[in-house]
Amino acid sequence: MNSITQNIKRVALAGLIPVMLTSCLKDKPFPLYGNKASEVINYTFAATADTLQDKTYSTFLSSNGNYFIQNNGGNTNYNYWPQAHTMDVFIDAFLRTKNDIYKQRIKSLLNGTKISNGNKLQNEYYDDMEWLALSTLRAYEATNDADYLAAATTLWTDIKTGVNSNQGGGIAWRKSQLDYKNTPANAPAIIFAARLYRLQKNAADLDLAKQLYTWLKGTLVDPATGIVWDGINGDHDGQISKNKFTYNQGTFIGAALELYNVTGDGNYLSDAVRTANATIKDLDVSPAGLLRNEGQGDGGLFKGILVRYLTLLTLKEDVSSTDRDAYAKFLKYNAETLFAKGISRPDFMVSPDWKTKPSGTTDLTTQISGVTTMEAAATLKAAGKF
């Protein structure tokens with residue numbers, strides 16, 4: 001009888017162990033990546049970035065050489081906003097390698113974008129123009145070619161026409177919908193205005209950056225967490241859309257960081273750190289420490305935009321070492337996961353889900369997100385952060 005009783009107790013205890021473990025996991029849902037040893041892989045981020053650059057260029061360049069097409073499955077449509085981010089990754093590669101081929105690609109893309117857009121740079125969407133303004137300003141700083149500054153200035157003049165008092169302030173999303181305001185039309189404008197002020201010291205640019213930031217933080221940032229919401233009045237009802245897209249977290253981090261850079265006001269840096277800390281722990285944004293799959297189309301680009309601006313914060317020495325180390329760990333896990341699981345080889349196409357190989361066609365947006373992340377990983381590794 002004692003032997004039977006002991007066996008029953010062992011079986012009962014064994015049955016309880018999974019329940020106990022499940023309970024513990026629920027109490028501590030993140031970051032799971034922090035407790036796992038990395039698989040032994042040689043993460044050649046710079047070499048992989050080089051290959052991704054070449055494969056992206058050869059796969060997505062339009063037949064007339066003016067722009068990069070929608071996907072690798074035969075859809076040759078022109079879409080304005082991914083061209084700016086394609087230009088950004090060319091700038092990344094030029095800064096990393098100093099290879100003049102990237103300077104040629106940057107210039108060809110600026111000229112081709114203008115041609116493909118009806119021989120003008122201006123667009124219906126204010127956020128679209130802001131992305132191109134940011135990339136052309138970066139191109140100017142990287143190359144000292146005045147054509148890029150001229151393009152950025154032309155865009156900035158048009159972007160500022162979107163400022164109005166609807167919803168209490170901010171820049172509209174598009175010219176035909178001036179009462180809808182969102183993070184994508186405001187955070188990049190703040191980044192641009194602060195950077196332009198750093199270059200030209202025009203007080204009006206800094207004043208506008210501060211004005212837009214005050215509106216954005218007061219309207220679309222969750223005061224309880226620091227997570228950034230998407231927009232307000234999209235359905236003409238005055239309501240806030242509380243979708244938590246990855247790129248909105250990134251651009252707000254970038255906006256706060258750039259204002260800190262030009263003002264030295266620590267409150268801005270604190271805001272950037274608060275949102276970054278929330279982002280890497282938020283189960284909707286980065287479940288189990290991995291940036292979520294936001295699909296293809298526009299969503300394919302979102303993760304790369306977050307990675308770009310979180311990388312800048314990771315490299316900022318004024319941020320505490322504890323926070324910088326946490327961001328580096330997060331970015332390293334995401335880059336390693338993408339490197340090992342989310343890129344098909346030998347074609348080097350990128351998946352929208354970084355933990356699985358791509359299936360079917362790959363959109364330009366999704367591809368550029370992956371290139372951005374590999375370039376960022378190469379930068380962080382070179383800086384000794386990985």
# chains A, B, ... in the order shown; residues from 1 in each chain; ligands from 1
call {"tool": "residues_around", "arguments": {"residues": "A:Asp54", "least_positions_apart": "4", "cutoff": "12 Å", "atoms": "only C-alpha atoms", "output": "PyMOL selection string"}}
result
chain A and resi 47-50+58-61+89-90+93+101-102+105+347-349+367+371
call {"tool": "write_last_selection", "arguments": {"atoms": "C-alpha atoms", "output": "mmCIF file, in the first residue's frame"}}
result
data_model
loop_
_atom_site.group_PDB
_atom_site.id
_atom_site.type_symbol
_atom_site.label_atom_id
_atom_site.label_comp_id
_atom_site.auth_asym_id
_atom_site.auth_seq_id
_atom_site.Cartn_x
_atom_site.Cartn_y
_atom_site.Cartn_z
ATOM 1 C CA ALA A 47 28.394 41.010 -45.676
ATOM 2 C CA THR A 48 24.709 40.134 -45.557
ATOM 3 C CA ALA A 49 23.801 43.802 -45.879
ATOM 4 C CA ASP A 50 26.011 43.956 -48.982
ATOM 5 C CA SER A 58 18.717 43.777 -59.209
ATOM 6 C CA THR A 59 15.319 42.355 -58.236
ATOM 7 C CA PHE A 60 13.244 45.499 -57.706
ATOM 8 C CA LEU A 61 14.680 48.099 -60.097
ATOM 9 C CA VAL A 89 19.303 52.213 -47.225
ATOM 10 C CA PHE A 90 21.548 53.356 -50.087
ATOM 11 C CA ALA A 93 25.436 51.513 -47.350
ATOM 12 C CA ILE A 101 28.153 53.064 -56.450
ATOM 13 C CA TYR A 102 25.707 53.966 -53.714
ATOM 14 C CA ARG A 105 22.098 54.964 -56.880
ATOM 15 C CA ASP A 347 17.790 34.914 -53.503
ATOM 16 C CA PHE A 348 18.002 36.925 -50.240
ATOM 17 C CA MET A 349 14.357 37.904 -50.079
ATOM 18 C CA GLN A 367 12.512 43.893 -48.384
ATOM 19 C CA VAL A 371 17.847 45.744 -45.496
#
call {"tool": "select_by_dssp", "arguments": {"residues": "stretch 216-366 of chain A", "states": "helix (DSSP H, G or I)", "output": "ChimeraX atom specification"}}
result
/A:216-220,246-263,266-281,287-289,297-314,321-342,364-366
call {"tool": "closest_atom_pairs", "arguments": {"of": "stretch 156-256 of chain A", "to": "stretch 262-276 of chain A", "cutoff": "10 Å", "atoms": "only C-alpha atoms", "output": "CSV"}}
result
residue,atom,partner,partner_atom,distance
A:Ala194,CA,A:Val262,CA,6.7
A:Arg195,CA,A:Val262,CA,8.0
A:Tyr197,CA,A:Val262,CA,7.8
A:Arg198,CA,A:Val262,CA,6.3
A:Lys201,CA,A:Val262,CA,9.8
A:Leu206,CA,A:Val262,CA,8.5
A:Tyr213,CA,A:Tyr268,CA,9.6
A:Lys217,CA,A:Asp271,CA,9.1
A:Val221,CA,A:Thr275,CA,8.9
A:Asp222,CA,A:Thr275,CA,9.5
A:Thr225,CA,A:Thr275,CA,7.6
A:Gly226,CA,A:Thr275,CA,4.7
A:Ile227,CA,A:Thr275,CA,5.7
A:Val228,CA,A:Thr275,CA,7.6
A:Gln249,CA,A:Thr275,CA,6.8
A:Gly250,CA,A:Ala276,CA,8.0
A:Thr251,CA,A:Ala272,CA,9.8
A:Phe252,CA,A:Ala272,CA,7.2
A:Ile253,CA,A:Ala272,CA,4.5
A:Gly254,CA,A:Ala272,CA,7.4
A:Ala255,CA,A:Ala272,CA,8.0
A:Ala256,CA,A:Tyr268,CA,4.9
call {"tool": "closest_residue", "arguments": {"among": "A:Asn79, A:Asn164, A:Asn182, A:Thr143", "to": "A:Lys103", "atoms": "only C-alpha atoms"}}
result
A:Thr143
call {"tool": "residues_around", "arguments": {"residues": "A:Asn42", "least_positions_apart": "4", "cutoff": "12 Å", "atoms": "only C-alpha atoms", "output": "number ranges by chain"}}
result
A: 38, 46-48, 336, 339-340
call {"tool": "atom_distance", "arguments": {"atom1": "atom CA of A:Gly231", "atom2": "atom CA of A:Ile171"}}
result
11.2 Å
call {"tool": "residues_around", "arguments": {"residues": "A:Ile240", "least_positions_apart": "2", "cutoff": "8 Å", "atoms": "only C-alpha atoms", "output": "short mmCIF file (atom, residue, chain, number, x, y, z; two decimals) with all heavy atoms, in the first residue's frame"}}
result
data_model
loop_
_atom_site.label_atom_id
_atom_site.label_comp_id
_atom_site.auth_asym_id
_atom_site.auth_seq_id
_atom_site.Cartn_x
_atom_site.Cartn_y
_atom_site.Cartn_z
N LEU A 220 -1.31 61.99 -28.82
CA LEU A 220 -1.21 60.62 -29.33
C LEU A 220 -0.18 59.75 -28.62
O LEU A 220 0.21 58.70 -29.14
CB LEU A 220 -0.91 60.65 -30.84
CG LEU A 220 -2.02 61.23 -31.72
CD1 LEU A 220 -1.59 61.29 -33.18
CD2 LEU A 220 -3.30 60.41 -31.58
N TRP A 229 0.17 56.16 -30.03
CA TRP A 229 -1.00 55.77 -30.80
C TRP A 229 -0.90 56.30 -32.23
O TRP A 229 0.00 57.07 -32.56
CB TRP A 229 -2.26 56.31 -30.12
CG TRP A 229 -2.48 55.78 -28.74
CD1 TRP A 229 -2.27 54.50 -28.31
CD2 TRP A 229 -2.95 56.50 -27.59
NE1 TRP A 229 -2.58 54.39 -26.96
CE2 TRP A 229 -3.01 55.60 -26.50
CE3 TRP A 229 -3.34 57.83 -27.38
CZ2 TRP A 229 -3.44 55.98 -25.24
CZ3 TRP A 229 -3.77 58.21 -26.12
CH2 TRP A 229 -3.82 57.30 -25.06
N ASP A 230 -1.87 55.89 -33.06
CA ASP A 230 -1.73 56.17 -34.49
C ASP A 230 -2.28 57.52 -34.93
O ASP A 230 -1.59 58.27 -35.61
CB ASP A 230 -2.40 55.05 -35.29
CG ASP A 230 -2.10 55.16 -36.78
OD1 ASP A 230 -0.92 55.34 -37.12
OD2 ASP A 230 -3.04 55.06 -37.59
N GLY A 231 -3.54 57.84 -34.62
CA GLY A 231 -4.10 59.07 -35.16
C GLY A 231 -5.37 59.49 -34.46
O GLY A 231 -5.89 58.81 -33.57
N ILE A 232 -5.90 60.63 -34.89
CA ILE A 232 -7.13 61.17 -34.31
C ILE A 232 -8.03 61.72 -35.41
O ILE A 232 -7.56 62.37 -36.33
CB ILE A 232 -6.82 62.27 -33.25
CG1 ILE A 232 -8.10 62.78 -32.60
CG2 ILE A 232 -6.00 63.41 -33.84
CD1 ILE A 232 -7.85 63.69 -31.38
N ASN A 233 -9.30 61.38 -35.31
CA ASN A 233 -10.35 61.86 -36.22
C ASN A 233 -10.28 61.21 -37.60
O ASN A 233 -10.77 61.77 -38.57
CB ASN A 233 -10.32 63.39 -36.35
CG ASN A 233 -11.66 63.94 -36.83
OD1 ASN A 233 -12.72 63.53 -36.35
ND2 ASN A 233 -11.62 64.87 -37.77
N GLY A 234 -9.76 60.03 -37.66
CA GLY A 234 -9.71 59.33 -38.95
C GLY A 234 -11.08 59.01 -39.50
O GLY A 234 -11.27 58.92 -40.72
N GLY A 238 -13.68 62.51 -34.06
CA GLY A 238 -12.86 63.06 -32.99
C GLY A 238 -12.19 62.02 -32.11
O GLY A 238 -11.51 62.38 -31.14
N LYS A 242 -6.07 53.91 -31.42
CA LYS A 242 -5.02 53.50 -30.51
C LYS A 242 -4.23 52.29 -31.02
O LYS A 242 -3.59 51.58 -30.24
CB LYS A 242 -5.60 53.23 -29.12
CG LYS A 242 -6.16 54.50 -28.48
CD LYS A 242 -6.58 54.30 -27.04
CE LYS A 242 -7.06 55.62 -26.43
NZ LYS A 242 -7.47 55.47 -25.01
#
call {"tool": "residues_around", "arguments": {"residues": "A:Asn66", "least_positions_apart": "3", "cutoff": "10 Å", "atoms": "only C-alpha atoms", "output": "MDAnalysis selection string"}}
result
chainID A and resid 61:63 69 78 108:116
call {"tool": "write_last_selection", "arguments": {"atoms": "all heavy atoms", "output": "short mmCIF file (atom, residue, chain, number, x, y, z; two decimals), in the first residue's frame"}}
result
data_model
loop_
_atom_site.label_atom_id
_atom_site.label_comp_id
_atom_site.auth_asym_id
_atom_site.auth_seq_id
_atom_site.Cartn_x
_atom_site.Cartn_y
_atom_site.Cartn_z
N LEU A 61 14.53 46.93 -59.23
CA LEU A 61 14.68 48.10 -60.10
C LEU A 61 13.75 47.99 -61.30
O LEU A 61 13.69 46.95 -61.96
CB LEU A 61 16.13 48.23 -60.57
CG LEU A 61 16.46 49.48 -61.38
CD1 LEU A 61 16.33 50.74 -60.52
CD2 LEU A 61 17.87 49.39 -61.98
N SER A 62 13.04 49.08 -61.59
CA SER A 62 12.10 49.10 -62.72
C SER A 62 12.86 48.98 -64.04
O SER A 62 14.06 49.27 -64.11
CB SER A 62 11.28 50.38 -62.70
OG SER A 62 12.12 51.51 -62.88
N SER A 63 12.16 48.60 -65.08
CA SER A 63 12.80 48.40 -66.38
C SER A 63 13.37 49.69 -66.94
O SER A 63 14.37 49.65 -67.67
CB SER A 63 11.80 47.79 -67.37
OG SER A 63 10.67 48.65 -67.54
N ILE A 69 10.13 48.70 -58.00
CA ILE A 69 8.78 48.21 -58.22
C ILE A 69 8.16 47.62 -56.97
O ILE A 69 8.83 47.40 -55.96
CB ILE A 69 8.76 47.19 -59.36
CG1 ILE A 69 9.64 45.97 -59.02
CG2 ILE A 69 9.24 47.83 -60.67
CD1 ILE A 69 9.61 44.85 -60.08
N TYR A 78 4.46 51.78 -59.37
CA TYR A 78 5.27 52.77 -58.67
C TYR A 78 4.54 53.23 -57.42
O TYR A 78 3.36 53.57 -57.47
CB TYR A 78 5.51 53.98 -59.59
CG TYR A 78 6.07 55.20 -58.87
CD1 TYR A 78 7.40 55.26 -58.51
CD2 TYR A 78 5.24 56.28 -58.54
CE1 TYR A 78 7.92 56.36 -57.84
CE2 TYR A 78 5.75 57.39 -57.88
CZ TYR A 78 7.08 57.42 -57.54
OH TYR A 78 7.58 58.51 -56.88
N SER A 108 20.37 58.70 -58.85
CA SER A 108 19.45 58.17 -59.86
C SER A 108 18.05 58.02 -59.29
O SER A 108 17.06 58.29 -59.99
CB SER A 108 19.95 56.80 -60.35
OG SER A 108 21.15 56.93 -61.06
N LEU A 109 17.94 57.62 -58.03
CA LEU A 109 16.63 57.44 -57.42
C LEU A 109 15.93 58.77 -57.19
O LEU A 109 14.72 58.88 -57.39
CB LEU A 109 16.74 56.65 -56.12
CG LEU A 109 15.42 56.30 -55.43
CD1 LEU A 109 14.43 55.66 -56.38
CD2 LEU A 109 15.67 55.40 -54.23
N LEU A 110 16.67 59.79 -56.78
CA LEU A 110 16.05 61.11 -56.63
C LEU A 110 15.51 61.59 -57.97
O LEU A 110 14.34 62.03 -58.06
CB LEU A 110 17.05 62.12 -56.07
CG LEU A 110 16.51 63.56 -55.98
CD1 LEU A 110 15.31 63.65 -55.05
CD2 LEU A 110 17.62 64.52 -55.54
N ASN A 111 16.32 61.51 -59.00
CA ASN A 111 15.87 61.95 -60.33
C ASN A 111 14.71 61.10 -60.83
O ASN A 111 13.73 61.62 -61.39
CB ASN A 111 17.03 61.89 -61.32
CG ASN A 111 18.13 62.88 -60.99
OD1 ASN A 111 17.89 63.91 -60.35
ND2 ASN A 111 19.36 62.59 -61.40
N GLY A 112 14.81 59.80 -60.61
CA GLY A 112 13.76 58.90 -61.08
C GLY A 112 12.46 59.07 -60.33
O GLY A 112 11.36 58.93 -60.91
N THR A 113 12.55 59.37 -59.04
CA THR A 113 11.34 59.62 -58.25
C THR A 113 10.60 60.84 -58.78
O THR A 113 9.37 60.82 -58.91
CB THR A 113 11.70 59.81 -56.77
OG1 THR A 113 12.22 58.58 -56.25
CG2 THR A 113 10.49 60.21 -55.94
N LYS A 114 11.33 61.87 -59.09
CA LYS A 114 10.71 63.07 -59.63
C LYS A 114 10.03 62.79 -60.97
O LYS A 114 8.88 63.20 -61.20
CB LYS A 114 11.75 64.18 -59.78
CG LYS A 114 11.18 65.52 -60.19
CD LYS A 114 12.25 66.61 -60.17
CE LYS A 114 11.65 67.96 -60.56
NZ LYS A 114 12.68 69.03 -60.51
N ILE A 115 10.72 62.08 -61.84
CA ILE A 115 10.15 61.73 -63.14
C ILE A 115 8.89 60.87 -62.97
O ILE A 115 7.85 61.13 -63.60
CB ILE A 115 11.19 60.98 -63.99
CG1 ILE A 115 12.34 61.92 -64.37
CG2 ILE A 115 10.56 60.39 -65.24
CD1 ILE A 115 13.55 61.21 -64.96
N SER A 116 8.96 59.88 -62.10
CA SER A 116 7.85 58.94 -61.91
C SER A 116 6.67 59.60 -61.23
O SER A 116 5.54 59.09 -61.31
CB SER A 116 8.32 57.74 -61.08
OG SER A 116 9.43 57.10 -61.69
#
call {"tool": "atom_distance", "arguments": {"atom1": "atom CA of A:Ile305", "atom2": "atom CA of A:Trp354"}}
result
14.8 Å
call {"tool": "select_by_dssp", "arguments": {"residues": "stretch 105-244 of chain A", "states": "strand (DSSP E or B)", "output": "number ranges by chain"}}
result
A: 125, 163, 171-174, 177-182, 221, 228, 231-232, 240-241
